[in-house]
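Q: Just target05.cif, nothing more (mmCIF, C-alpha atoms):
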```cif
data_structure
#
loop_
_atom_site.label_atom_id
_atom_site.label_comp_id
_atom_site.auth_asym_id
_atom_site.auth_seq_id
_atom_site.Cartn_x
_atom_site.Cartn_y
_atom_site.Cartn_z
CA MET A 1 -10.88 -39.25 20.29
CA SER A 2 -13.93 -38.00 22.18
CA ALA A 3 -16.84 -36.23 20.50
CA ARG A 4 -15.70 -33.01 22.14
CA ASP A 5 -12.18 -33.35 20.73
CA GLU A 6 -13.56 -34.09 17.28
CA LYS A 7 -15.73 -30.99 17.48
CA SER A 8 -12.73 -28.90 18.50
CA VAL A 9 -10.59 -30.25 15.63
CA SER A 10 -13.42 -29.63 13.20
CA ALA A 11 -13.84 -26.03 14.45
CA LYS A 12 -10.11 -25.42 14.09
CA LYS A 13 -10.13 -26.78 10.52
CA SER A 14 -13.10 -24.63 9.65
CA ARG A 15 -11.37 -21.53 11.08
CA LYS A 16 -8.19 -22.38 9.15
CA ARG A 17 -10.18 -22.66 5.91
CA GLY A 18 -11.73 -19.25 6.66
CA ASP A 19 -8.29 -17.73 7.29
CA ASP A 20 -6.92 -19.22 4.07
CA ALA A 21 -9.90 -17.92 2.07
CA PHE A 22 -9.46 -14.43 3.52
CA GLU A 23 -5.72 -14.54 2.84
CA ILE A 24 -6.33 -15.44 -0.82
CA TRP A 25 -8.98 -12.74 -1.16
CA LEU A 26 -6.73 -10.17 0.53
CA ARG A 27 -3.73 -10.96 -1.70
CA ARG A 28 -5.90 -10.72 -4.80
CA GLY A 29 -7.45 -7.44 -3.64
CA LEU A 30 -4.08 -5.89 -2.84
CA HIS A 31 -2.77 -6.87 -6.27
CA GLN A 32 -5.79 -5.24 -7.89
CA LEU A 33 -5.21 -2.06 -5.90
CA PHE A 34 -1.43 -1.78 -6.28
CA ASP A 35 -0.29 -3.63 -9.40
CA ASP A 36 -1.08 -0.79 -11.80
CA VAL A 37 1.14 1.55 -9.81
CA ALA A 38 4.04 -0.90 -9.76
CA LYS A 39 3.78 -1.42 -13.52
CA GLU A 40 3.63 2.25 -14.51
CA PRO A 41 6.68 3.43 -16.47
CA VAL A 42 9.29 5.26 -14.44
CA PRO A 43 8.99 9.03 -14.95
CA GLU A 44 11.64 10.38 -17.35
CA GLU A 45 12.68 13.01 -14.83
CA LEU A 46 13.51 10.40 -12.21
CA LEU A 47 15.46 8.25 -14.68
CA LYS A 48 17.37 11.36 -15.74
CA ILE A 49 18.35 12.10 -12.13
CA ILE A 50 19.65 8.55 -11.69
CA GLU A 51 21.50 8.52 -15.02
CA GLU A 52 23.10 11.91 -14.41
CA ASP A 53 24.32 10.74 -11.04
CA ARG A 54 25.65 7.53 -12.62
CA ASP A 55 27.62 9.53 -15.18
CA SER A 56 29.00 12.05 -12.71
CA MET B 1 30.18 -0.60 -7.58
CA ALA B 2 28.64 2.68 -8.80
CA ASP B 3 27.01 1.01 -11.76
CA THR B 4 25.58 -1.77 -9.58
CA PHE B 5 24.32 0.81 -7.14
CA HIS B 6 22.37 2.75 -9.78
CA THR B 7 21.10 -0.43 -11.41
CA GLN B 8 19.82 -1.62 -8.06
CA ILE B 9 17.97 1.67 -7.55
CA VAL B 10 16.24 1.37 -10.91
CA SER B 11 15.32 -2.26 -10.22
CA ILE B 12 13.70 -1.51 -6.90
CA LEU B 13 11.63 1.47 -8.11
CA PRO B 14 8.38 -0.52 -8.62
CA LYS B 15 8.51 -1.76 -5.03
CA LEU B 16 9.34 1.70 -3.73
CA ARG B 17 6.29 3.07 -5.52
CA VAL B 18 4.03 0.50 -3.89
CA GLN B 19 5.52 1.27 -0.48
CA ALA B 20 5.13 5.00 -1.11
CA LEU B 21 1.50 4.61 -2.16
CA ALA B 22 0.80 2.42 0.86
CA LEU B 23 2.19 5.17 3.09
CA THR B 24 0.79 8.28 1.42
CA ARG B 25 -2.45 6.89 -0.11
CA ASN B 26 -2.01 9.46 -2.84
CA ARG B 27 -0.42 8.81 -6.23
CA ALA B 28 1.05 12.27 -6.74
CA GLN B 29 2.51 12.33 -3.23
CA ALA B 30 3.81 8.80 -3.74
CA GLU B 31 5.66 9.84 -6.91
CA ASP B 32 7.21 12.81 -5.08
CA LEU B 33 8.16 10.61 -2.16
CA VAL B 34 9.92 8.06 -4.41
CA GLN B 35 11.84 10.82 -6.17
CA ASP B 36 12.88 12.43 -2.88
CA ALA B 37 13.93 9.05 -1.47
CA VAL B 38 16.02 8.31 -4.58
CA CYS B 39 17.75 11.70 -4.26
CA ASN B 40 18.44 10.99 -0.58
CA ALA B 41 19.85 7.57 -1.49
CA LEU B 42 22.12 9.05 -4.17
CA ASN B 43 23.43 11.58 -1.68
CA ALA B 44 23.90 8.95 1.02
CA ARG B 45 25.51 6.37 -1.28
CA ASP B 46 28.64 6.23 0.85
CA SER B 47 26.64 5.06 3.84
CA PHE B 48 25.52 1.92 2.03
CA ILE B 49 27.75 -1.05 2.85
CA PRO B 50 28.15 -3.29 -0.22
CA GLY B 51 27.04 -6.82 0.45
CA THR B 52 24.35 -5.77 2.90
CA ASN B 53 20.62 -5.71 2.13
CA PHE B 54 20.20 -2.98 -0.47
CA ALA B 55 16.39 -3.29 -0.63
CA ALA B 56 16.06 -2.87 3.13
CA TRP B 57 18.39 0.18 3.02
CA MET B 58 16.32 1.76 0.26
CA HIS B 59 12.94 1.04 1.88
CA ARG B 60 14.25 2.52 5.11
CA ILE B 61 15.33 5.71 3.36
CA LEU B 62 11.89 6.10 1.78
CA ARG B 63 10.18 5.46 5.11
CA ASN B 64 12.38 7.96 6.95
CA ARG B 65 11.70 10.54 4.27
CA PHE B 66 7.95 9.95 4.63
CA ILE B 67 8.12 10.39 8.39
CA SER B 68 10.24 13.50 8.01
CA ASP B 69 7.79 15.01 5.49
CA LEU B 70 4.88 14.08 7.73
CA ARG B 71 6.44 15.96 10.60
CA LYS B 72 6.88 19.02 8.41
CA GLN B 73 3.33 19.07 7.22
CA ARG B 74 0.58 16.93 8.56
CA ALA B 75 -0.89 14.89 5.74
CA THR B 76 -4.32 16.01 4.72
CA SER B 77 -6.95 13.96 3.02
CA ASP B 78 -10.07 15.19 1.31
CA ILE B 79 -12.70 13.63 -0.85
CA ASP B 80 -10.40 13.58 -3.89
CA ASP B 81 -7.89 11.50 -1.96
CA VAL B 82 -10.24 8.62 -1.35
CA PRO B 83 -8.09 5.51 -1.81
CA GLY B 84 -10.86 3.60 -3.54
CA GLU B 85 -10.66 6.18 -6.31
CA LEU B 86 -6.94 6.76 -6.42
CA LEU B 87 -5.86 3.18 -6.00
CA SER B 88 -7.57 2.56 -9.31
CA SER B 89 -8.39 -0.99 -10.11
CA LYS B 90 -9.19 -2.97 -13.19
CA ALA B 91 -11.10 -5.59 -11.25
CA ASP B 92 -13.97 -7.39 -12.86
CA HIS B 93 -17.20 -5.61 -12.13
CA GLU B 94 -18.40 -8.26 -9.65
CA ASP B 95 -15.26 -7.67 -7.56
CA ARG B 96 -15.12 -3.93 -7.91
CA LEU B 97 -17.21 -3.05 -4.88
CA ALA B 98 -15.34 -5.47 -2.62
CA VAL B 99 -11.98 -4.11 -3.84
CA LYS B 100 -13.20 -0.56 -3.24
CA ASP B 101 -14.25 -1.56 0.26
CA LEU B 102 -10.78 -3.00 0.77
CA GLY B 103 -9.31 0.31 -0.40
CA TYR B 104 -11.39 2.23 2.11
CA ALA B 105 -10.59 -0.23 4.89
CA LEU B 106 -6.85 -0.07 4.11
CA ALA B 107 -6.99 3.70 4.35
CA ARG B 108 -8.31 3.36 7.89
CA LEU B 109 -5.37 1.30 9.05
CA PRO B 110 -2.43 3.04 10.74
CA ASP B 111 0.31 3.87 8.19
CA ASP B 112 2.81 1.42 9.64
CA GLN B 113 0.33 -1.47 9.57
CA ARG B 114 -0.75 -0.73 5.99
CA GLU B 115 2.88 -0.53 4.88
CA ALA B 116 3.75 -3.78 6.68
CA LEU B 117 0.82 -5.67 5.21
CA VAL B 118 1.60 -4.56 1.66
CA MET B 119 5.29 -5.39 1.95
CA VAL B 120 4.66 -8.88 3.31
CA VAL B 121 1.57 -9.87 1.31
CA LEU B 122 2.45 -8.18 -2.00
CA HIS B 123 6.25 -8.14 -1.99
CA GLY B 124 6.52 -11.47 -0.22
CA MET B 125 8.93 -10.07 2.37
CA SER B 126 9.77 -12.16 5.40
CA TYR B 127 9.21 -10.65 8.85
CA GLN B 128 12.99 -10.37 9.18
CA GLU B 129 13.21 -8.40 5.92
CA LEU B 130 10.27 -6.23 6.94
CA ALA B 131 11.97 -5.49 10.26
CA GLU B 132 15.18 -4.48 8.46
CA SER B 133 13.26 -2.36 5.96
CA THR B 134 11.27 -0.49 8.56
CA GLY B 135 13.89 -0.33 11.30
CA CYS B 136 11.93 -2.21 13.94
CA ALA B 137 12.17 -5.50 15.86
CA VAL B 138 11.01 -8.70 14.16
CA GLY B 139 8.30 -9.10 16.80
CA THR B 140 6.99 -5.60 16.03
CA ALA B 141 6.97 -6.34 12.30
CA LYS B 142 5.06 -9.56 12.89
CA SER B 143 2.58 -7.84 15.17
CA ARG B 144 1.92 -5.03 12.66
CA VAL B 145 1.07 -7.51 9.91
CA PHE B 146 -1.04 -9.65 12.23
CA ARG B 147 -3.02 -6.69 13.56
CA ALA B 148 -3.57 -5.26 10.08
CA ARG B 149 -4.82 -8.59 8.78
CA ARG B 150 -7.10 -9.20 11.75
CA GLN B 151 -8.50 -5.66 11.63
CA LEU B 152 -9.23 -5.87 7.91
CA GLU B 153 -10.83 -9.25 8.28
CA ALA B 154 -13.02 -7.96 11.08
CA TRP B 155 -14.07 -4.91 9.07
CA MET B 156 -14.63 -6.80 5.84
CA THR B 157 -16.61 -9.62 7.44
CA GLY B 158 -18.54 -7.37 9.81
CA GLU B 159 -17.27 -8.96 13.00
CA LEU B 160 -16.79 -5.66 14.81
CA PRO B 161 -19.24 -2.87 15.53
CA GLU B 162 -16.89 -0.39 13.80
CA ASP B 163 -17.76 -2.12 10.60
CA ASP B 164 -21.10 -0.37 10.37
CA GLY B 165 -19.54 3.04 10.74
CA LEU B 166 -16.85 2.24 8.20
CA ARG B 167 -19.30 0.93 5.65
CA GLN B 168 -21.57 3.91 6.13
CA ARG B 169 -18.69 6.31 5.64
CA ALA B 170 -17.38 4.33 2.70
CA SER B 171 -20.81 4.33 1.15
CA ALA B 172 -21.24 8.08 1.75
CA LEU B 173 -17.85 8.78 0.15
CA ARG B 174 -18.66 6.60 -2.85
CA ASN B 175 -21.98 8.37 -3.30
CA GLU B 176 -20.21 11.73 -3.13
CA VAL B 177 -17.64 10.64 -5.72
CA ASP B 178 -20.42 9.35 -8.00
CA ARG B 179 -22.36 12.59 -7.51
CA ARG B 180 -19.31 14.67 -8.46
CA LYS B 181 -18.71 12.53 -11.52
CA MET B 182 -22.32 12.98 -12.59
CA MET B 183 -22.14 16.72 -12.00
CA GLY B 184 -18.90 16.89 -13.97
CA ALA B 185 -20.43 14.95 -16.85
CA ALA B 186 -23.53 17.17 -16.80
CA THR B 187 -21.39 20.32 -16.81
CA ARG B 188 -19.32 19.06 -19.74
CA SER B 189 -22.46 18.06 -21.59
CA ASN B 190 -24.02 21.52 -21.02
CA GLY B 191 -20.79 23.14 -22.11
CA LEU B 192 -20.85 21.22 -25.37
CA ARG B 193 -24.45 22.21 -26.02
CA GLY B 194 -23.79 25.82 -25.06
#
```
Let me see the file written as structure tokens.
A:
Amino acid sequence: MSARDEKSVSAKKSRKRGDDAFEIWLRRGLHQLFDDVAKEPVPEELLKIIEEDRDS
Amino acid sequence: MADTFHTQIVSILPKLRVQALALTRNRAQAEDLVQDAVCNALNARDSFIPGTNFAAWMHRILRNRFISDLRKQRATSDIDDVPGELLSSKADHEDRLAVKDLGYALARLPDDQREALVMVVLHGMSYQELAESTGCAVGTAKSRVFRARRQLEAWMTGELPEDDGLRQRASALRNEVDRRKMMGAATRSNGLRG
């Protein structure tokens, strides 16, 4: 492998590491922004609508 | 079948809320949107074919409802709708600013890209599932996620000139929110003394 090829492979690896790091950071950030909302209890009113429809 | 249908609705509610918040960027509007979508689903129960992808059917109903509402009244956003505030986070203090920046940057993405990113990265949907859930081609779904990711990365790492404008606006909005909080605290404090 020539020096140029090695440099290119090294640059690609470095870019991949950067992408992976951003992906991890992004996933973590999105969880911090959205997890609370997903975990909130379902409003009683909405549950009532679903249950009433189930019973009808 | 009816019981399964209602149980499936209840099970998917957390994911619907995340999708709704990703689309509306406003918690109150997101709650309304989920409720409206559930009502639409209950009314359209007969159009669901058992054995097909229930989650995709439900996400599509919510999305269509959002688009329909949007057409009726253009969504408005003021200082109180700043995502960094409303998408409240319990991040450690060293992460808080970066997460807030992510909130502001997300808000700048087109609705369909923000929705696609959240459904793939948070819900772990495949591009095929995303395409079914949003009623588009797989290539379009893939492209939305790719563009959202690239745009966010560019903004967050300062690779594009727009980054400066975004950060300045984000900073100005944060300052305004802090100023309002301080004014609110001062008013309450004066009220207590008075």
Q: To one decimal place in Å, what is the distance between CA of Glu132 in chain B and CA of Ala56 in chain B?
A: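 Separation between CA of Glu132 in chain B and CA of Ala56 in chain B: 5.6 Å.
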Q: From the options B:Ser11, B:Gln35, B:Asn64, B:Thr24, which residue's atoms come nearest to chain A, counting all atoms listed in the file?
A: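 Closest to chain A of all the choices is B:Gln35.
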Q: What's the 12 Å shell around Glu52 in chain A, counting all atoms listed in the file, without same-chain residues fewer than 3 positions away, as number ranges by chain?
A: A: 44-49, 55-56; B: 3, 6, 39, 42
Q: I need the residue nearest chain B from this list: A:Pro43, A:Gly29, A:Val9, A:Ala3. Use only C-alpha atoms for the distance.
A: A:Gly29
Q: Could you expand the PyMOL selection byres ((chain A) within 8 of (chain B)) into the explicit residues it covers here, written as a ChimeraX atom specification?
A: /A:22,27,29-34,36-39,42,46-47,49-51,53-54
Q: Give me, please, the distance in Å between CA of Arg4 in chain A and CA of Gly158 in chain B, quoted to one decimal.
A: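 The value is 28.6 Å.
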Q: In Å to one decimal, how far is CA of Ser133 in chain B from CA of Arg45 in chain B?
A: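 Between CA of Arg45 in chain B and CA of Ser133 in chain B the gap is 16.7 Å.
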Q: Just so the selection is clear, what residues does the PyMOL selection byres ((chain B and resi 110) around 12) cover here, as a short mmCIF file (atom, residue, chain, number, x, y, z; two decimals) with C-alpha atoms, in the frame of the given file?
A:
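File produced: out07.cif:
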```cif
data_model
loop_
_atom_site.label_atom_id
_atom_site.label_comp_id
_atom_site.auth_asym_id
_atom_site.auth_seq_id
_atom_site.Cartn_x
_atom_site.Cartn_y
_atom_site.Cartn_z
CA ALA B 22 0.80 2.42 0.86
CA LEU B 23 2.19 5.17 3.09
CA THR B 24 0.79 8.28 1.42
CA ARG B 25 -2.45 6.89 -0.11
CA ALA B 105 -10.59 -0.23 4.89
CA LEU B 106 -6.85 -0.07 4.11
CA ALA B 107 -6.99 3.70 4.35
CA ARG B 108 -8.31 3.36 7.89
CA LEU B 109 -5.37 1.30 9.05
CA ASP B 111 0.31 3.87 8.19
CA ASP B 112 2.81 1.42 9.64
CA GLN B 113 0.33 -1.47 9.57
CA ARG B 114 -0.75 -0.73 5.99
CA GLU B 115 2.88 -0.53 4.88
CA ALA B 116 3.75 -3.78 6.68
CA LEU B 117 0.82 -5.67 5.21
CA ARG B 144 1.92 -5.03 12.66
CA VAL B 145 1.07 -7.51 9.91
CA ARG B 147 -3.02 -6.69 13.56
CA ALA B 148 -3.57 -5.26 10.08
CA GLN B 151 -8.50 -5.66 11.63
CA LEU B 152 -9.23 -5.87 7.91
#
```
Q: Since the input is missing atoms, can you rebuild N, CA and C atoms for range 47-78 of chain B and write them as an mmCIF file, in the coordinates of the input?
A:
```cif
data_model
loop_
_atom_site.group_PDB
_atom_site.id
_atom_site.type_symbol
_atom_site.label_atom_id
_atom_site.label_comp_id
_atom_site.auth_asym_id
_atom_site.auth_seq_id
_atom_site.Cartn_x
_atom_site.Cartn_y
_atom_site.Cartn_z
ATOM 1 N N SER B 47 27.040 5.721 2.595
ATOM 2 C CA SER B 47 26.640 5.060 3.840
ATOM 3 C C SER B 47 26.127 3.646 3.591
ATOM 4 N N PHE B 48 25.951 3.287 2.320
ATOM 5 C CA PHE B 48 25.520 1.920 2.030
ATOM 6 C C PHE B 48 26.732 0.990 2.024
ATOM 7 N N ILE B 49 26.628 -0.089 2.781
ATOM 8 C CA ILE B 49 27.750 -1.050 2.850
ATOM 9 C C ILE B 49 27.485 -2.158 1.834
ATOM 10 N N PRO B 50 28.351 -2.242 0.788
ATOM 11 C CA PRO B 50 28.150 -3.290 -0.220
ATOM 12 C C PRO B 50 28.088 -4.671 0.424
ATOM 13 N N GLY B 51 27.174 -5.473 -0.094
ATOM 14 C CA GLY B 51 27.040 -6.820 0.450
ATOM 15 C C GLY B 51 25.932 -6.915 1.479
ATOM 16 N N THR B 52 25.475 -5.741 1.966
ATOM 17 C CA THR B 52 24.350 -5.770 2.900
ATOM 18 C C THR B 52 23.055 -5.636 2.096
ATOM 19 N N ASN B 53 21.935 -5.675 2.785
ATOM 20 C CA ASN B 53 20.620 -5.710 2.130
ATOM 21 C C ASN B 53 20.263 -4.348 1.512
ATOM 22 N N PHE B 54 20.444 -4.256 0.199
ATOM 23 C CA PHE B 54 20.200 -2.980 -0.470
ATOM 24 C C PHE B 54 18.715 -2.586 -0.406
ATOM 25 N N ALA B 55 17.835 -3.576 -0.631
ATOM 26 C CA ALA B 55 16.390 -3.290 -0.630
ATOM 27 C C ALA B 55 15.963 -2.721 0.720
ATOM 28 N N ALA B 56 16.429 -3.342 1.788
ATOM 29 C CA ALA B 56 16.060 -2.870 3.130
ATOM 30 C C ALA B 56 16.563 -1.445 3.342
ATOM 31 N N TRP B 57 17.782 -1.173 2.878
ATOM 32 C CA TRP B 57 18.390 0.180 3.020
ATOM 33 C C TRP B 57 17.531 1.210 2.289
ATOM 34 N N MET B 58 17.108 0.845 1.090
ATOM 35 C CA MET B 58 16.320 1.760 0.260
ATOM 36 C C MET B 58 14.923 1.991 0.843
ATOM 37 N N HIS B 59 14.281 0.909 1.268
ATOM 38 C CA HIS B 59 12.940 1.040 1.880
ATOM 39 C C HIS B 59 13.003 1.896 3.150
ATOM 40 N N ARG B 60 14.100 1.747 3.877
ATOM 41 C CA ARG B 60 14.250 2.520 5.110
ATOM 42 C C ARG B 60 14.403 4.005 4.806
ATOM 43 N N ILE B 61 15.144 4.301 3.747
ATOM 44 C CA ILE B 61 15.330 5.710 3.360
ATOM 45 C C ILE B 61 13.972 6.323 2.984
ATOM 46 N N LEU B 62 13.198 5.571 2.200
ATOM 47 C CA LEU B 62 11.890 6.100 1.780
ATOM 48 C C LEU B 62 10.997 6.327 3.009
ATOM 49 N N ARG B 63 11.025 5.365 3.909
ATOM 50 C CA ARG B 63 10.180 5.460 5.110
ATOM 51 C C ARG B 63 10.589 6.654 5.971
ATOM 52 N N ASN B 64 11.894 6.831 6.142
ATOM 53 C CA ASN B 64 12.380 7.960 6.950
ATOM 54 C C ASN B 64 11.997 9.290 6.304
ATOM 55 N N ARG B 65 12.071 9.321 4.987
ATOM 56 C CA ARG B 65 11.700 10.540 4.270
ATOM 57 C C ARG B 65 10.206 10.833 4.468
ATOM 58 N N PHE B 66 9.395 9.787 4.420
ATOM 59 C CA PHE B 66 7.950 9.950 4.630
ATOM 60 C C PHE B 66 7.673 10.519 6.026
ATOM 61 N N ILE B 67 8.339 9.936 7.015
ATOM 62 C CA ILE B 67 8.120 10.390 8.390
ATOM 63 C C ILE B 67 8.586 11.841 8.546
ATOM 64 N N SER B 68 9.716 12.143 7.919
ATOM 65 C CA SER B 68 10.240 13.500 8.010
ATOM 66 C C SER B 68 9.285 14.504 7.337
ATOM 67 N N ASP B 69 8.759 14.129 6.172
ATOM 68 C CA ASP B 69 7.790 15.010 5.490
ATOM 69 C C ASP B 69 6.524 15.181 6.320
ATOM 70 N N LEU B 70 6.116 14.066 6.936
ATOM 71 C CA LEU B 70 4.880 14.080 7.730
ATOM 72 C C LEU B 70 5.012 15.039 8.903
ATOM 73 N N ARG B 71 6.205 15.058 9.466
ATOM 74 C CA ARG B 71 6.440 15.960 10.600
ATOM 75 C C ARG B 71 6.364 17.398 10.132
ATOM 76 N N LYS B 72 6.865 17.647 8.914
ATOM 77 C CA LYS B 72 6.880 19.020 8.410
ATOM 78 C C LYS B 72 5.468 19.511 8.120
ATOM 79 N N GLN B 73 4.715 18.672 7.487
ATOM 80 C CA GLN B 73 3.330 19.070 7.220
ATOM 81 C C GLN B 73 2.409 17.880 7.395
ATOM 82 N N ARG B 74 1.489 18.034 8.299
ATOM 83 C CA ARG B 74 0.580 16.930 8.560
ATOM 84 C C ARG B 74 -0.169 16.604 7.282
ATOM 85 N N ALA B 75 -0.219 15.313 6.973
ATOM 86 C CA ALA B 75 -0.890 14.890 5.740
ATOM 87 C C ALA B 75 -2.373 15.204 5.848
ATOM 88 N N THR B 76 -2.892 15.726 4.743
ATOM 89 C CA THR B 76 -4.320 16.010 4.720
ATOM 90 C C THR B 76 -4.989 15.118 3.686
ATOM 91 N N SER B 77 -6.230 14.835 3.928
ATOM 92 C CA SER B 77 -6.950 13.960 3.020
ATOM 93 C C SER B 77 -8.341 14.521 2.812
ATOM 94 N N ASP B 78 -8.710 14.741 1.563
ATOM 95 C CA ASP B 78 -10.070 15.190 1.310
ATOM 96 C C ASP B 78 -10.760 14.197 0.393
#
```
